[in-house]
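Written out below as C-alpha cells is the structure these notes cover.
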Amino acid sequence: MSERQSKHINRTPAVNIHHATRYAERRGLPLNTFVTVNFTELGISSGASRMLRRLLSQRFSPWLRRSAPARPRPTPTYVWAIENTASTIAAHWLVHIPKGAKQAFGKKLVSWLRDLAGVEPQPKSIQVKRVYNVIGARRYILKGINPVWAAHLGVRPSNQGLINGKRTGFSRNLGPTARRAGGYAPRRVVVGSSQSAS
C-alpha cells in the first residue's frame with residue numbers, strides 16, 4: 001500500500017499543532033528545544049516520516065521515560081512537521097527536554113540516528129537549538145500550511161514541497177483528547193479577523 005502524499009499542512013493538523021504548543025505550556029512542559037534533522041544528508045528520502053516516528057516511539061520516548069537525567073521523568077511532549085524544499089527533506093521537531101538533560105539528549109540523538117539510518121550523522125545533519133520564542137517556533141513549523149488557513153493561525157505560508165507519508169504529528173499528551181480531558185478550551189477566532197487563534 002503506497003503512502004499518502006500531501007502538498008500542505010491542512011487545517012486540522014495545523015490547528016492541533018497550534019493548540020498543542022499552548023497546552024504544553026499550560027501543563028508545565030514547555031516546548032523548549034527545536035531540533036532539525038536533515039534526512040537528505042542521512043541518505044533518507046521517501047521514508048523520512050516513518051523514520052522520524054520510529055525515532056520518537058522507539059528511541060526518544062523510552063529514553064525519556066527510563067533514563068533521562070531528570071526527576072520526576074516527564075511524559076514525552078512534542079510536535080513535529082516534515083518539509084521538502086530545495087531537494088532537501090528535513091524534519092522540524094519542537095520538544096520538551098527536561099532541565100539538565102539537553103547534553104545527554106544531543107548525544108543520544110546522534111546515536112539514535114546512526115542506528116536508524118545506518119550512517120554516521122554529520123554536523124549539518126542535526127541541529128539542536130534552545131527555544132526562546134515558542135510562538136515564532138510554532139509559526140516556523142507551520143509555514144507549510146495550506147495558504148487558505150494561514151492567516152487564521154497568524155502564519156506566513158511558504159511552499160514546503162511534496163511529502164510522502166504523515167506530514168505532521170504531536171505527542172499523545174498534547175492531542176485533542178488530552179486537551180479536552182485537561183479542560184483546555186481554545187478561544188475560537190473567525191477566519192479573516194485581525195486576531196490570530198489563541
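For the C-alpha cells, the naming scheme is as follows: chains receive sequential letters (A, B, ...) according to their order of presentation, residues are indexed from 1 within each chain, and ligands are indexed from 1 in presentation order.
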Who sits within 9 Å of Arg139 of chain A, only C-alpha atoms, same chain under 6 positions skipped, as a ChimeraX atom specification: /A:18,153-156
Non-local contacts of His92 of chain A (12 Å; only C-alpha atoms; under 2 positions in same chain excluded) as a PyMOL selection string: chain A and resi 33-39+48-49+52+78-84+89-90+94-95+126-129+137-144+167-170
Expected file contents, prior selection, N, CA and C atoms, as a short mmCIF file (atom, residue, chain, number, x, y, z; two decimals), in the first residue's frame:
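The resulting file, selection_14.cif, is reproduced below:
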data_model
loop_
_atom_site.label_atom_id
_atom_site.label_comp_id
_atom_site.auth_asym_id
_atom_site.auth_seq_id
_atom_site.Cartn_x
_atom_site.Cartn_y
_atom_site.Cartn_z
N THR A 33 12.97 23.10 23.11
CA THR A 33 14.09 22.69 22.26
C THR A 33 13.59 22.50 20.83
N PHE A 34 14.34 23.06 19.88
CA PHE A 34 13.98 22.97 18.46
C PHE A 34 15.03 22.11 17.76
N VAL A 35 14.60 20.97 17.24
CA VAL A 35 15.50 20.03 16.57
C VAL A 35 15.18 20.01 15.09
N THR A 36 16.22 20.08 14.26
CA THR A 36 16.07 19.89 12.82
C THR A 36 16.92 18.70 12.41
N VAL A 37 16.30 17.75 11.73
CA VAL A 37 17.01 16.59 11.22
C VAL A 37 16.94 16.64 9.70
N ASN A 38 18.10 16.69 9.05
CA ASN A 38 18.18 16.73 7.59
C ASN A 38 18.27 15.30 7.09
N PHE A 39 17.15 14.76 6.64
CA PHE A 39 17.12 13.36 6.21
C PHE A 39 17.84 13.16 4.88
N ALA A 48 11.35 9.23 5.25
CA ALA A 48 11.67 10.17 6.33
C ALA A 48 10.60 10.20 7.42
N SER A 49 9.34 10.23 7.03
CA SER A 49 8.27 10.29 8.02
C SER A 49 8.25 9.05 8.89
N LEU A 52 11.26 9.17 11.33
CA LEU A 52 11.08 10.11 12.43
C LEU A 52 10.16 9.51 13.49
N TYR A 78 5.82 16.79 22.52
CA TYR A 78 6.42 17.35 21.31
C TYR A 78 5.38 17.57 20.21
N VAL A 79 5.80 18.35 19.20
CA VAL A 79 5.10 18.45 17.92
C VAL A 79 6.17 18.39 16.83
N TRP A 80 5.77 18.05 15.61
CA TRP A 80 6.75 17.98 14.53
C TRP A 80 6.09 18.19 13.17
N ALA A 81 6.93 18.52 12.19
CA ALA A 81 6.49 18.64 10.80
C ALA A 81 7.67 18.33 9.90
N ILE A 82 7.36 17.79 8.74
CA ILE A 82 8.38 17.47 7.74
C ILE A 82 8.17 18.36 6.52
N GLU A 83 9.28 18.79 5.92
CA GLU A 83 9.20 19.64 4.73
C GLU A 83 10.16 19.13 3.66
N ASN A 84 9.93 19.59 2.44
CA ASN A 84 10.73 19.16 1.30
C ASN A 84 10.97 20.38 0.42
N ILE A 89 14.88 17.07 2.26
CA ILE A 89 13.80 16.65 3.15
C ILE A 89 14.31 16.75 4.58
N ALA A 90 13.58 17.52 5.39
CA ALA A 90 14.00 17.74 6.78
C ALA A 90 12.80 17.72 7.70
N LEU A 94 9.74 20.16 17.66
CA LEU A 94 9.68 21.07 18.81
C LEU A 94 9.32 20.22 20.03
N VAL A 95 10.23 20.15 21.01
CA VAL A 95 10.13 19.13 22.05
C VAL A 95 10.48 19.69 23.42
N ILE A 126 22.12 17.44 11.79
CA ILE A 126 21.33 17.65 13.01
C ILE A 126 21.61 19.03 13.58
N GLN A 127 20.56 19.73 13.94
CA GLN A 127 20.68 20.99 14.67
C GLN A 127 19.77 20.92 15.89
N VAL A 128 20.31 21.30 17.03
CA VAL A 128 19.53 21.34 18.27
C VAL A 128 19.70 22.73 18.86
N LYS A 129 18.59 23.45 19.00
CA LYS A 129 18.64 24.83 19.49
C LYS A 129 17.65 25.04 20.63
N ALA A 137 8.62 29.77 16.92
CA ALA A 137 8.98 28.40 16.55
C ALA A 137 7.77 27.65 15.99
N ARG A 138 6.62 27.85 16.61
CA ARG A 138 5.40 27.21 16.12
C ARG A 138 5.05 27.70 14.73
N ARG A 139 5.13 28.99 14.51
CA ARG A 139 4.81 29.54 13.19
C ARG A 139 5.79 29.02 12.14
N TYR A 140 7.05 28.83 12.53
CA TYR A 140 8.04 28.29 11.60
C TYR A 140 7.68 26.86 11.21
N ILE A 141 7.32 26.05 12.20
CA ILE A 141 6.95 24.67 11.93
C ILE A 141 5.72 24.61 11.02
N LEU A 142 4.81 25.57 11.17
CA LEU A 142 3.57 25.57 10.42
C LEU A 142 3.64 26.31 9.09
N LYS A 143 4.82 26.74 8.68
CA LYS A 143 4.91 27.56 7.47
C LYS A 143 4.47 26.83 6.21
N GLY A 144 4.43 25.48 6.26
CA GLY A 144 3.94 24.72 5.12
C GLY A 144 2.43 24.58 5.08
N ARG A 167 2.71 13.98 7.53
CA ARG A 167 3.46 15.23 7.39
C ARG A 167 3.70 15.92 8.73
N THR A 168 2.79 15.76 9.66
CA THR A 168 2.90 16.40 10.97
C THR A 168 2.47 15.43 12.06
N GLY A 169 2.80 15.78 13.29
CA GLY A 169 2.35 14.96 14.40
C GLY A 169 2.58 15.64 15.73
N PHE A 170 2.09 15.00 16.78
CA PHE A 170 2.23 15.55 18.14
C PHE A 170 2.14 14.39 19.11
#
Who sits within 9 Å of segment 56-72 of chain A, only C-alpha atoms, same chain under 6 positions skipped, as a PyMOL selection string: chain A and resi 97-101+104-105+108-109+112
How would the residues just picked look written out with N, CA and C atoms as a tab-separated table (two decimals), in the first residue's frame?
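Full text of out24.tsv as output:
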chain	number	residue	atom	x	y	z
A	97	ILE	N	12.53	19.19	26.62
A	97	ILE	CA	13.66	18.46	27.18
A	97	ILE	C	13.85	18.95	28.62
A	98	PRO	N	13.84	18.04	29.59
A	98	PRO	CA	13.95	18.47	31.00
A	98	PRO	C	15.25	19.21	31.28
A	99	LYS	N	15.20	20.06	32.27
A	99	LYS	CA	16.38	20.80	32.68
A	99	LYS	C	17.49	19.83	33.04
A	100	GLY	N	18.67	20.10	32.52
A	100	GLY	CA	19.83	19.27	32.80
A	100	GLY	C	19.98	18.07	31.88
A	101	ALA	N	19.03	17.89	30.94
A	101	ALA	CA	19.08	16.71	30.07
A	101	ALA	C	19.49	17.03	28.64
A	104	ALA	N	22.77	15.24	27.32
A	104	ALA	CA	22.55	13.81	27.15
A	104	ALA	C	21.64	13.54	25.95
A	105	PHE	N	20.62	14.38	25.79
A	105	PHE	CA	19.70	14.24	24.65
A	105	PHE	C	20.45	14.39	23.33
A	108	LYS	N	22.47	11.30	22.58
A	108	LYS	CA	21.60	10.19	22.24
A	108	LYS	C	21.01	10.36	20.84
A	109	LEU	N	20.66	11.58	20.49
A	109	LEU	CA	20.06	11.84	19.18
A	109	LEU	C	20.99	11.38	18.06
A	112	TRP	N	20.93	7.56	18.04
A	112	TRP	CA	19.66	7.05	17.53
A	112	TRP	C	19.61	7.13	16.00
Per-residue DSSP, segment 34-139 of chain A, filtered to strand (DSSP E), as a list in words: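 Reading the DSSP output for segment 34-139 of chain A, strand (DSSP E) covers Phe34, Val35, Thr36, Val37, Asn38, Tyr78, Val79, Trp80, Ala81, Ile82, Glu83, Asn84, Thr85, Thr88, Ile89, Ala90, Ala91, His92, Trp93, Leu94, Val95, Ile126, Gln127, Val128, Lys129 and Arg130 of chain A.
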Selection file, C-alpha atoms, as a short mmCIF file (atom, residue, chain, number, x, y, z; two decimals), in the first residue's frame:
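Below is the file that was written, part-v6.cif:
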data_model
loop_
_atom_site.label_atom_id
_atom_site.label_comp_id
_atom_site.auth_asym_id
_atom_site.auth_seq_id
_atom_site.Cartn_x
_atom_site.Cartn_y
_atom_site.Cartn_z
CA PHE A 34 13.98 22.97 18.46
CA VAL A 35 15.50 20.03 16.57
CA THR A 36 16.07 19.89 12.82
CA VAL A 37 17.01 16.59 11.22
CA ASN A 38 18.18 16.73 7.59
CA TYR A 78 6.42 17.35 21.31
CA VAL A 79 5.10 18.45 17.92
CA TRP A 80 6.75 17.98 14.53
CA ALA A 81 6.49 18.64 10.80
CA ILE A 82 8.38 17.47 7.74
CA GLU A 83 9.20 19.64 4.73
CA ASN A 84 10.73 19.16 1.30
CA THR A 85 12.40 22.25 -0.15
CA THR A 88 16.12 18.62 0.89
CA ILE A 89 13.80 16.65 3.15
CA ALA A 90 14.00 17.74 6.78
CA ALA A 91 12.02 17.37 9.96
CA HIS A 92 11.43 20.14 12.49
CA TRP A 93 10.73 18.80 15.95
CA LEU A 94 9.68 21.07 18.81
CA VAL A 95 10.13 19.13 22.05
CA ILE A 126 21.33 17.65 13.01
CA GLN A 127 20.68 20.99 14.67
CA VAL A 128 19.53 21.34 18.27
CA LYS A 129 18.64 24.83 19.49
CA ARG A 130 17.08 26.32 22.57
#
Among listed residues A:Val134, A:Leu113, A:Ile163, A:Ile44, nearest Thr21 of chain A (using only C-alpha atoms):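 Closest to Thr21 of chain A, using only C-alpha atoms: A:Val134.
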Pairwise distance for atom CA of Lys166 of chain A and atom CA of Val15 of chain A, rounded to one decimal in Å: 15.7 Å
